[in-house]
>>> print(open('query28.cif').read())   # mmCIF, C-alpha atoms and all ligand atoms
data_input
#
loop_
_atom_site.label_atom_id
_atom_site.label_comp_id
_atom_site.auth_asym_id
_atom_site.auth_seq_id
_atom_site.Cartn_x
_atom_site.Cartn_y
_atom_site.Cartn_z
CA MET A 1 74.94 104.47 104.29
CA SER A 2 77.18 107.36 105.12
CA SER A 3 78.84 107.41 108.48
CA LYS A 4 79.22 110.32 110.78
CA VAL A 5 82.92 110.33 111.32
CA LYS A 6 84.35 111.04 114.71
CA ARG A 7 88.06 111.44 115.09
CA THR A 8 90.19 109.15 117.16
CA TYR A 9 91.34 110.43 120.51
CA ALA A 10 89.90 113.81 121.27
CA SER A 11 93.37 115.15 122.07
CA ARG A 12 94.69 114.68 118.54
CA GLN A 13 94.61 118.20 117.19
CA ASP A 14 96.63 117.40 114.09
CA ARG A 15 93.73 115.79 112.32
CA PRO A 16 91.87 117.98 109.85
CA LYS A 17 88.67 119.23 111.45
CA PHE A 18 86.75 119.34 108.22
CA ARG A 19 86.61 116.74 105.51
CA SER A 20 87.51 118.56 102.38
CA SER A 21 89.03 118.11 98.99
CA SER A 22 91.28 120.95 99.89
CA PRO A 23 93.57 119.99 102.75
CA ILE A 24 94.74 116.59 101.63
CA SER A 25 97.96 116.62 99.65
CA THR A 26 97.50 115.65 96.03
CA LEU A 27 93.74 115.72 96.19
CA SER A 28 93.64 119.44 95.74
CA SER A 29 95.64 122.44 94.85
CA SER A 30 93.64 124.70 97.16
CA PRO A 31 95.18 125.56 100.52
CA ALA A 32 93.59 124.14 103.65
CA SER A 33 92.85 127.61 104.96
CA SER A 34 90.39 128.23 102.16
CA VAL A 35 88.00 125.68 103.62
CA GLY A 36 84.98 127.29 105.10
CA THR A 37 86.20 130.79 104.38
CA LYS A 38 85.29 132.98 101.48
CA ARG A 39 88.12 133.73 99.12
CA PRO A 40 89.26 137.34 98.86
CA PHE A 41 87.54 139.18 96.06
CA ASP A 42 90.70 139.67 94.00
CA GLU A 43 91.16 135.88 93.73
CA PHE A 44 87.96 135.73 91.74
CA GLN A 45 89.04 138.31 89.17
CA SER A 46 89.64 136.87 85.75
CA PRO A 47 93.24 136.53 84.61
CA ARG A 48 92.43 139.12 81.96
CA ALA A 49 92.17 141.75 84.68
CA ALA A 50 95.84 141.22 85.41
CA LYS A 51 96.93 142.16 81.87
CA ARG A 52 98.91 145.37 81.53
CA VAL A 53 96.83 148.42 80.76
CA LYS A 54 97.77 150.18 77.50
CA VAL A 55 97.95 153.93 77.88
CA SER A 56 96.10 155.65 75.05
CA SER A 57 96.25 159.33 74.19
CA ALA A 58 92.68 159.30 72.86
CA LYS A 59 90.01 160.71 75.15
CA PRO A 60 88.65 157.87 77.24
CA LYS A 61 85.11 156.87 76.36
CA GLN A 62 82.69 156.56 79.27
CA LYS A 63 82.03 152.84 79.81
CA THR A 64 78.67 151.51 80.82
CA LEU A 65 79.06 150.31 84.40
CA THR A 66 77.46 147.14 85.67
CA GLN A 67 76.24 146.81 89.21
CA LEU A 68 77.83 143.82 90.98
CA HIS A 69 76.00 142.04 93.79
CA PHE A 70 77.61 140.16 96.61
CA CYS A 71 75.64 137.12 97.60
CA ILE A 72 76.71 136.86 101.20
CA ASP A 73 74.11 134.31 102.23
CA GLN A 74 75.22 131.58 99.81
CA THR A 75 78.28 129.52 100.55
CA ILE A 76 80.26 128.09 97.67
CA ILE A 77 81.55 125.22 99.81
CA ARG A 78 79.42 122.13 99.25
CA THR A 79 79.53 118.90 101.25
CA CYS A 80 78.56 115.82 99.26
CA SER A 81 76.08 113.60 101.08
CA LEU A 82 77.44 110.50 99.31
CA CYS A 83 81.14 110.80 100.11
CA ASN A 84 81.06 113.56 102.77
CA LEU A 85 83.74 115.53 100.93
CA SER A 86 83.61 119.33 101.05
CA TYR A 87 84.64 121.10 97.87
CA THR A 88 84.32 124.47 96.19
CA LYS A 89 81.32 124.50 93.89
CA GLY A 90 82.12 126.10 90.57
CA ALA A 91 85.89 125.58 90.88
CA GLU A 92 86.54 123.15 88.05
CA ASP A 93 89.60 121.46 89.63
CA ASP A 94 87.77 120.95 92.91
CA GLU A 95 84.72 119.55 91.16
CA VAL A 96 86.84 117.07 89.16
CA LEU A 97 88.65 115.99 92.33
CA HIS A 98 85.32 115.54 94.06
CA ARG A 99 83.87 113.43 91.23
CA THR A 100 86.91 111.15 91.24
CA HIS A 101 86.87 110.79 95.02
CA CYS A 102 83.11 110.21 95.08
CA ALA A 103 83.35 107.41 92.50
CA ARG A 104 86.14 105.74 94.47
CA VAL A 105 84.16 105.92 97.71
CA GLN A 106 81.00 104.52 96.13
CA ARG A 107 82.28 101.94 93.70
CA GLY A 108 85.98 101.51 94.43
CA MET A 109 89.17 101.59 92.43
CA GLU A 110 89.96 99.08 89.76
CA TRP A 111 92.25 96.10 90.20
CA GLY A 112 93.08 95.42 86.57
CA LYS A 113 95.38 93.59 84.21
CA GLU A 114 98.42 95.67 85.10
CA GLU A 115 98.08 94.91 88.80
CA GLU A 116 97.61 91.21 88.01
CA ARG A 117 100.70 91.26 85.81
CA ASP A 118 102.82 92.77 88.61
CA LYS A 119 101.40 90.72 91.46
CA HIS A 120 104.26 88.21 91.73
CA SER A 121 107.03 90.80 91.71
CA ALA A 122 105.03 92.85 94.26
CA GLY A 123 104.64 89.84 96.57
CA VAL A 124 100.83 89.85 96.44
CA LYS A 125 99.43 86.83 98.30
CA GLU A 126 95.96 85.41 97.77
CA ILE A 127 94.44 84.64 101.17
CA ALA A 128 91.02 83.34 100.12
CA ASP A 129 89.15 82.74 96.89
CA ARG A 130 85.41 82.56 96.17
CA VAL A 131 84.51 84.33 99.40
CA ARG A 132 80.73 84.50 99.45
CA LEU A 133 78.95 87.68 100.53
CA LYS A 134 75.41 88.04 101.89
CA ASN A 135 74.09 89.12 98.48
CA GLY A 136 75.53 85.95 96.90
CA LYS A 137 78.39 87.71 95.11
CA LYS A 138 81.78 86.06 95.38
CA GLY A 139 85.11 87.81 95.72
CA ARG A 140 88.64 87.13 96.86
CA ILE A 141 90.99 88.47 99.50
CA ILE A 142 94.59 89.36 98.80
CA CYS A 143 97.28 90.90 100.96
CA ILE A 144 100.29 93.07 100.19
CA ASN A 145 103.08 94.64 102.15
CA ALA A 146 102.09 98.28 102.72
CA THR A 147 105.44 99.61 101.50
CA VAL A 148 105.28 97.88 98.11
CA GLY A 149 106.50 100.01 95.20
CA GLY A 150 105.72 100.15 91.49
CA LYS A 151 102.28 100.26 89.92
CA ILE A 152 100.65 98.38 92.80
CA GLY A 153 102.36 100.69 95.30
CA SER A 154 101.01 103.82 93.66
CA LYS A 155 97.53 102.29 93.48
CA LEU A 156 97.73 101.56 97.21
CA SER A 157 98.86 105.12 97.94
CA THR A 158 95.84 106.54 96.11
CA LEU A 159 93.55 104.09 97.89
CA LEU A 160 94.97 104.97 101.31
CA GLU A 161 94.69 108.66 100.52
CA THR A 162 91.01 108.21 99.60
CA ILE A 163 90.45 106.34 102.87
CA ASP A 164 92.27 109.03 104.88
CA VAL A 165 90.05 111.72 103.37
CA THR A 166 86.96 109.65 104.17
CA LEU A 167 88.07 109.16 107.77
CA SER A 168 89.54 112.68 108.19
CA ALA A 169 92.71 110.91 109.21
CA SER A 170 96.32 111.96 108.71
CA ALA A 171 98.41 109.76 106.44
CA LEU A 172 100.01 106.79 108.15
CA SER A 173 103.64 107.44 109.05
CA PRO A 174 106.41 105.61 107.13
CA GLU A 175 107.19 103.64 110.33
CA ALA A 176 103.56 102.55 110.64
CA LEU A 177 103.50 101.54 106.98
CA ARG A 178 106.66 99.48 107.41
CA ALA A 179 104.89 97.46 110.11
CA SER A 180 101.70 97.08 108.05
CA THR A 181 100.05 94.69 105.64
CA VAL A 182 97.17 95.79 103.44
CA TYR A 183 94.30 93.34 102.90
CA LEU A 184 92.04 93.96 99.91
CA PHE A 185 88.66 92.48 99.05
CA LEU A 186 88.31 92.21 95.26
CA LEU A 187 84.97 91.78 93.54
CA PRO A 188 84.50 91.03 89.81
CA ALA A 189 83.82 94.26 87.89
CA VAL A 190 81.29 94.71 85.09
CA THR A 191 84.16 94.68 82.58
CA PRO A 192 85.37 91.08 82.08
CA ASN A 193 88.71 90.15 83.66
CA ARG A 194 88.68 93.24 85.83
CA GLU A 195 88.01 93.52 89.53
CA LYS A 196 87.10 96.36 91.88
CA ILE A 197 88.70 96.97 95.25
CA ALA A 198 85.53 96.77 97.35
CA GLY A 199 87.20 96.81 100.76
CA CYS A 200 90.52 97.47 102.41
CA ILE A 201 92.00 97.12 105.86
CA VAL A 202 95.47 98.08 107.03
CA ALA A 203 96.78 95.76 109.71
CA GLN A 204 99.91 96.54 111.69
CA ARG A 205 102.03 94.92 114.36
CA ILE A 206 101.48 96.76 117.65
CA GLU A 207 102.55 96.24 121.24
CA LYS A 208 99.86 97.60 123.50
CA ALA A 209 96.24 98.72 123.50
CA MET A 210 93.45 99.57 125.94
CA ALA A 211 90.47 97.35 126.66
CA VAL A 212 87.07 98.90 125.92
CA ALA A 213 84.78 99.29 128.93
CA PRO A 214 81.28 97.91 128.59
CA SER A 215 78.79 100.63 127.62
CA SER A 216 77.66 102.65 130.66
CA GLU A 217 74.35 100.89 131.08
CA ASN A 218 76.23 97.64 131.55
CA LEU A 219 78.37 98.98 134.36
CA SER A 220 76.66 97.83 137.51
CA GLU A 221 78.84 99.79 139.95
CA PRO A 222 80.40 102.80 138.16
CA LYS A 223 82.07 104.01 141.37
CA ASP A 224 84.07 100.78 141.53
CA THR A 225 85.57 101.18 138.06
CA PRO A 226 88.94 102.90 137.58
CA ALA A 227 88.93 106.28 135.78
CA LEU A 228 88.03 105.57 132.19
CA VAL A 229 89.53 107.19 129.09
CA ALA A 230 87.06 108.66 126.60
CA VAL A 231 88.06 107.63 123.10
CA ASP A 232 86.38 110.69 121.61
CA ASP A 233 83.78 113.26 122.56
CA SER A 234 80.66 111.74 121.15
CA SER A 235 80.96 108.01 120.53
CA GLY A 236 80.30 107.01 124.12
CA LEU A 237 83.27 104.65 123.86
CA PHE A 238 85.39 104.43 127.03
CA CYS A 239 88.55 102.43 127.70
CA TYR A 240 90.37 101.22 130.76
CA PRO A 241 93.62 103.22 130.79
CA LYS A 242 95.94 100.27 131.42
CA LEU A 243 97.94 99.38 128.30
CA LEU A 244 97.75 95.65 127.68
CA PRO A 245 99.93 93.54 125.39
CA THR A 246 98.11 93.32 122.05
CA ALA A 247 99.39 91.79 118.83
CA LEU A 248 97.48 93.31 115.93
CA GLY A 249 96.29 96.84 115.24
CA ILE A 250 93.81 97.79 112.53
CA SER A 251 94.64 101.33 111.50
CA ARG A 252 92.28 101.70 108.52
CA ILE A 253 89.07 99.95 107.47
CA PHE A 254 87.05 100.94 104.48
CA VAL A 255 84.37 99.34 102.31
CA THR A 256 82.93 101.06 99.25
CA SER A 257 79.53 102.49 100.03
CA ALA A 258 77.80 100.39 97.33
CA GLN A 259 78.97 97.15 99.00
CA ARG A 260 78.44 97.82 102.71
CA ARG A 261 76.58 95.45 105.05
CA GLN A 262 77.48 92.44 102.93
CA GLY A 263 80.14 91.19 105.34
CA ILE A 264 83.22 92.49 103.49
CA ALA A 265 84.80 94.26 106.50
CA SER A 266 84.20 91.25 108.74
CA LYS A 267 85.75 88.87 106.19
CA LEU A 268 88.79 91.13 105.81
CA LEU A 269 89.22 91.35 109.59
CA SER A 270 89.00 87.58 109.95
CA ALA A 271 91.52 87.14 107.13
CA ALA A 272 93.95 89.45 108.94
CA ALA A 273 93.35 87.72 112.29
CA ASN A 274 94.06 84.33 110.69
CA THR A 275 97.11 85.22 108.63
CA PHE A 276 98.86 88.33 109.95
CA ILE A 277 101.18 86.34 112.23
CA HIS A 278 102.34 83.24 110.43
CA GLY A 279 101.08 80.08 112.16
CA CYS A 280 99.16 81.95 114.85
CA VAL A 281 95.44 82.67 114.69
CA LEU A 282 94.50 85.78 116.67
CA ASP A 283 91.19 85.95 118.50
CA PRO A 284 89.48 89.34 118.86
CA LYS A 285 87.37 88.03 121.72
CA ASP A 286 90.58 87.52 123.71
CA GLY A 287 91.72 91.10 123.15
CA GLN A 288 94.43 90.26 120.63
CA ILE A 289 93.24 92.86 118.12
CA ALA A 290 92.74 96.63 118.43
CA PHE A 291 91.32 99.42 116.26
CA SER A 292 92.75 102.93 116.03
CA GLN A 293 89.92 104.68 114.20
CA THR A 294 86.49 104.93 115.75
CA THR A 295 83.72 106.12 113.48
CA GLY A 296 80.12 105.30 114.33
CA ASP A 297 80.00 102.54 111.70
CA GLY A 298 83.42 101.32 112.83
CA ILE A 299 82.27 100.97 116.43
CA SER A 300 79.24 98.94 115.32
CA LEU A 301 81.52 96.73 113.25
CA MET A 302 84.01 96.43 116.10
CA ARG A 303 81.31 95.33 118.53
CA SER A 304 79.73 92.93 116.08
CA TRP A 305 82.92 91.30 114.80
CA GLY A 306 84.91 91.33 118.04
CA GLN A 307 81.96 90.71 120.38
CA GLY A 308 83.26 93.29 122.85
CA GLY A 309 86.86 92.05 122.87
CA VAL A 310 88.38 94.49 120.33
CA ARG A 311 90.69 97.01 122.00
CA ILE A 312 91.67 100.58 121.13
CA TYR A 313 95.18 101.83 120.39
CA ASP A 314 96.81 105.10 119.46
CA GLU A 315 98.42 104.63 116.05
CA ASP A 316 100.89 107.48 116.70
CA ASN A 317 102.09 105.89 119.92
CA CYS A 318 102.03 102.17 119.54
C1 LIG A 401 82.61 100.50 108.90
C2 LIG A 401 82.64 99.75 107.58
C3 LIG A 401 84.09 99.41 107.25
C4 LIG A 401 81.80 98.47 107.71
O1 LIG A 401 81.98 97.69 106.55
P1 LIG A 401 80.91 96.56 106.14
O2 LIG A 401 81.54 95.72 105.09
O3 LIG A 401 79.64 97.21 105.80
O4 LIG A 401 80.76 95.76 107.50
P2 LIG A 401 80.11 94.29 107.66
O5 LIG A 401 79.13 94.06 106.57
O6 LIG A 401 81.19 93.30 107.82
O7 LIG A 401 79.34 94.49 109.02
C5 LIG A 401 79.31 93.48 110.02
C6 LIG A 401 78.40 93.91 111.14
O8 LIG A 401 78.89 95.11 111.75
C7 LIG A 401 77.79 95.95 112.13
N1 LIG A 401 77.76 97.14 111.26
C8 LIG A 401 78.59 97.44 110.23
N2 LIG A 401 78.28 98.63 109.70
C9 LIG A 401 77.22 99.10 110.41
C10 LIG A 401 76.46 100.28 110.35
N3 LIG A 401 76.70 101.23 109.43
N4 LIG A 401 75.44 100.45 111.22
C11 LIG A 401 75.17 99.51 112.16
N5 LIG A 401 75.86 98.34 112.27
C12 LIG A 401 76.89 98.15 111.41
C13 LIG A 401 76.54 95.13 111.88
O9 LIG A 401 76.29 94.37 113.05
C14 LIG A 401 77.00 94.23 110.73
O10 LIG A 401 76.24 93.03 110.65
P3 LIG A 401 74.81 93.05 109.89
O11 LIG A 401 75.01 93.74 108.58
O12 LIG A 401 74.49 91.58 109.77
O13 LIG A 401 73.86 93.80 110.80
C15 LIG A 401 82.01 100.61 106.43
O14 LIG A 401 80.76 101.09 106.85
C16 LIG A 401 82.88 101.80 106.03
O15 LIG A 401 83.78 101.68 105.22
N6 LIG A 401 82.57 102.99 106.57
C17 LIG A 401 83.33 104.20 106.25
C18 LIG A 401 84.72 104.16 106.81
C19 LIG A 401 84.71 103.86 108.30
O16 LIG A 401 83.91 104.40 109.04
N7 LIG A 401 85.64 102.99 108.72
C20 LIG A 401 85.69 102.51 110.08
C21 LIG A 401 86.83 103.07 110.83
S1 LIG A 401 86.80 102.38 112.48
ZN ZN A 402 80.66 112.92 96.74
#
>>> encode(input="query28.cif", output="structure tokens")
Amino acid sequence: MSSKVKRTYASRQDRPKFRSSSPISTLSSSPASSVGTKRPFDEFQSPRAAKRVKVSSAKPKQKTLTQLHFCIDQTIIRTCSLCNLSYTKGAEDDEVLHRTHCARVQRGMEWGKEEERDKHSAGVKEIADRVRLKNGKKGRIICINATVGGKIGSKLSTLLETIDVTLSASALSPEALRASTVYLFLLPAVTPNREKIAGCIVAQRIEKAMAVAPSSENLSEPKDTPALVAVDDSSGLFCYPKLLPTALGISRIFVTSAQRRQGIASKLLSAAANTFIHGCVLDPKDGQIAFSQTTGDGISLMRSWGQGGVRIYDEDNC
């Protein structure tokens, strides 16, 4: 169930164009520029070639030469169909990074004993218990301040980094994180007393967002509508340009690929709508909630969960 990711706001050039293990901070040591380009030949030489040459007075013996072949039609960059990550095949570091990322995308990171031990000091709140999914499995929803530190903080950072790679998104700014709460859906793992983070949303306080126009076939009189803003090149999602007061922004949504279409994202969104502002239940149908990322799957979710009322906001300008 892989999604074809489209970036938010066509004008945002800062986003990486190509999902890769390479350009994202700690996920790789390779420079971003190596993506999609062949490395210079001398980078492939073994370290032994760099050793100093000993000068010998003996007559040099003729060495048998081996013909080298360049395989110019085979790229060494591979894109995984399961996690969509591009990595350099044969480069051990890249392959390890890919395997780790791929496992996180498919099955999720662990929420274990150490996280449970630190949950009170980290201010983790349980929002709902025994939340039933379509396949009958039951999980729970917790929420945490996005700027939490310690063991839970570093787990969240890794999780958000994995999500950013999946969405080809830049990391959220420190200001955005300060205004954000992370909601996690935890499912029991195979190992007893352990859980997996099966879903995550990042919810942030925002001020304004744009209402989404009905899809073109629903517009009876297109000439009567004000100029619409295209959210990106290919999603077919258009907004009315007027910025409207909106309370809650969803900057990241992610569900592990093994658990999709079970209702996890919808349950997380409802949990955020019900609890983000203390004592005030937000209604997506009334335009009180907006998304900042718009992948194909995300748009389907947005339409299904918000029934056309979810708005769009720019997370760099909210
Ligand atoms: C988008 C995503 C978060 C959805 O999570 P999910 O837990 O599978 O969503 P839900 O099960 O709550 O889906 C609720 C409804 O949304 C719609 N929907 C969700 N994913 C869909 C998809 N891939 N294709 C079509 N409709 C979809 C359906 O109407 C679905 O109801 P149904 O399963 O009864 O038909 C998940 O696919 C994901 O993590 N994708 C990769 C990251 C991403 O694209 N994030 C979105 C950024 S906007
Ligand atoms: Zn993969």
>>> closest_atom_pairs(input="query28.cif", of="chain A", to="ligand ZN 402 (chain A)", cutoff="7 Å", atoms="all atoms listed in the file", output="Markdown table")
| residue | atom | partner | partner_atom | distance |
| --- | --- | --- | --- | --- |
| A:Cys80 | CA | A:ZN402 | ZN | 4.4 |
| A:Ser81 | CA | A:ZN402 | ZN | 6.3 |
| A:Leu82 | CA | A:ZN402 | ZN | 4.8 |
| A:Cys83 | CA | A:ZN402 | ZN | 4.0 |
| A:Asn84 | CA | A:ZN402 | ZN | 6.1 |
| A:Leu85 | CA | A:ZN402 | ZN | 5.8 |
| A:His98 | CA | A:ZN402 | ZN | 6.0 |
| A:Arg99 | CA | A:ZN402 | ZN | 6.4 |
| A:His101 | CA | A:ZN402 | ZN | 6.8 |
| A:Cys102 | CA | A:ZN402 | ZN | 4.0 |
>>> residues_near_ligand(input="query28.cif", ligand="ligand LIG 401 (chain A)", cutoff="8 Å", atoms="all atoms listed in the file", output="ChimeraX atom specification")
/A:1-5,163,166-167,199,251-257,259-267,291-305
>>> atom_distance(input="query28.cif", atom1="atom CA of Arg104 of chain A", atom2="atom CA of Glu195 of chain A")
13.3 Å
>>> residues_around(input="query28.cif", residues="segment 268-284 of chain A", least_positions_apart="5", cutoff="6 Å", atoms="all atoms listed in the file", output="VMD selection string")
chain A and resid 289 306 309 to 310
>>> atom_distance(input="query28.cif", atom1="atom CA of Ala91 of chain A", atom2="atom CA of Asp164 of chain A")
22.6 Å
>>> atom_distance(input="query28.cif", atom1="atom CA of Ile141 of chain A", atom2="atom CA of Asp129 of chain A")
6.6 Å
>>> closest_residue(input="query28.cif", among="A:Asn145, A:Gln67, A:Asn135, A:Ser170", to="Asp316 of chain A", atoms="all atoms listed in the file")
A:Ser170
>>> closest_residue(input="query28.cif", among="A:Ser86, A:Thr100, A:Thr147, A:Gln288", to="Val182 of chain A", atoms="only C-alpha atoms")
A:Thr147
>>> closest_residue(input="query28.cif", among="A:Val231, A:Ala247, A:Met109, A:Leu156", to="Val212 of chain A", atoms="only C-alpha atoms")
A:Val231
>>> residues_near_point(input="query28.cif", point="(104.9, 94.8, 117.1)", cutoff="8 Å", atoms="all atoms listed in the file", output="list in words")
Ala179, Gln204, Arg205, Ile206, Glu207, Ala247 and Leu248 of chain A
>>> write_last_selection(input="query28.cif", atoms="C-alpha atoms", output="PDB file, in the coordinates of the input")
ATOM      1  CA  ALA A 179     104.890  97.460 110.110  1.00  0.00           C
ATOM      2  CA  GLN A 204      99.910  96.540 111.690  1.00  0.00           C
ATOM      3  CA  ARG A 205     102.030  94.920 114.360  1.00  0.00           C
ATOM      4  CA  ILE A 206     101.480  96.760 117.650  1.00  0.00           C
ATOM      5  CA  GLU A 207     102.550  96.240 121.240  1.00  0.00           C
ATOM      6  CA  ALA A 247      99.390  91.790 118.830  1.00  0.00           C
ATOM      7  CA  LEU A 248      97.480  93.310 115.930  1.00  0.00           C
TER       8      LEU A 248
END
>>> residues_around(input="query28.cif", residues="Gly112 of chain A", least_positions_apart="4", cutoff="9 Å", atoms="only C-alpha atoms", output="PyMOL selection string")
chain A and resi 116-117+193-196
>>> closest_residue(input="query28.cif", among="A:Lys137, A:Lys155, A:Gly149, A:Ala213", to="Gly123 of chain A", atoms="all atoms listed in the file")
A:Gly149
>>> closest_residue(input="query28.cif", among="A:Tyr240, A:Ala198, A:Thr88, A:Ile77", to="Leu133 of chain A", atoms="only C-alpha atoms")
A:Ala198
>>> closest_residue(input="query28.cif", among="A:Ala230, A:Ile312, A:Arg178, A:Asp286", to="Ile250 of chain A", atoms="only C-alpha atoms")
A:Ile312
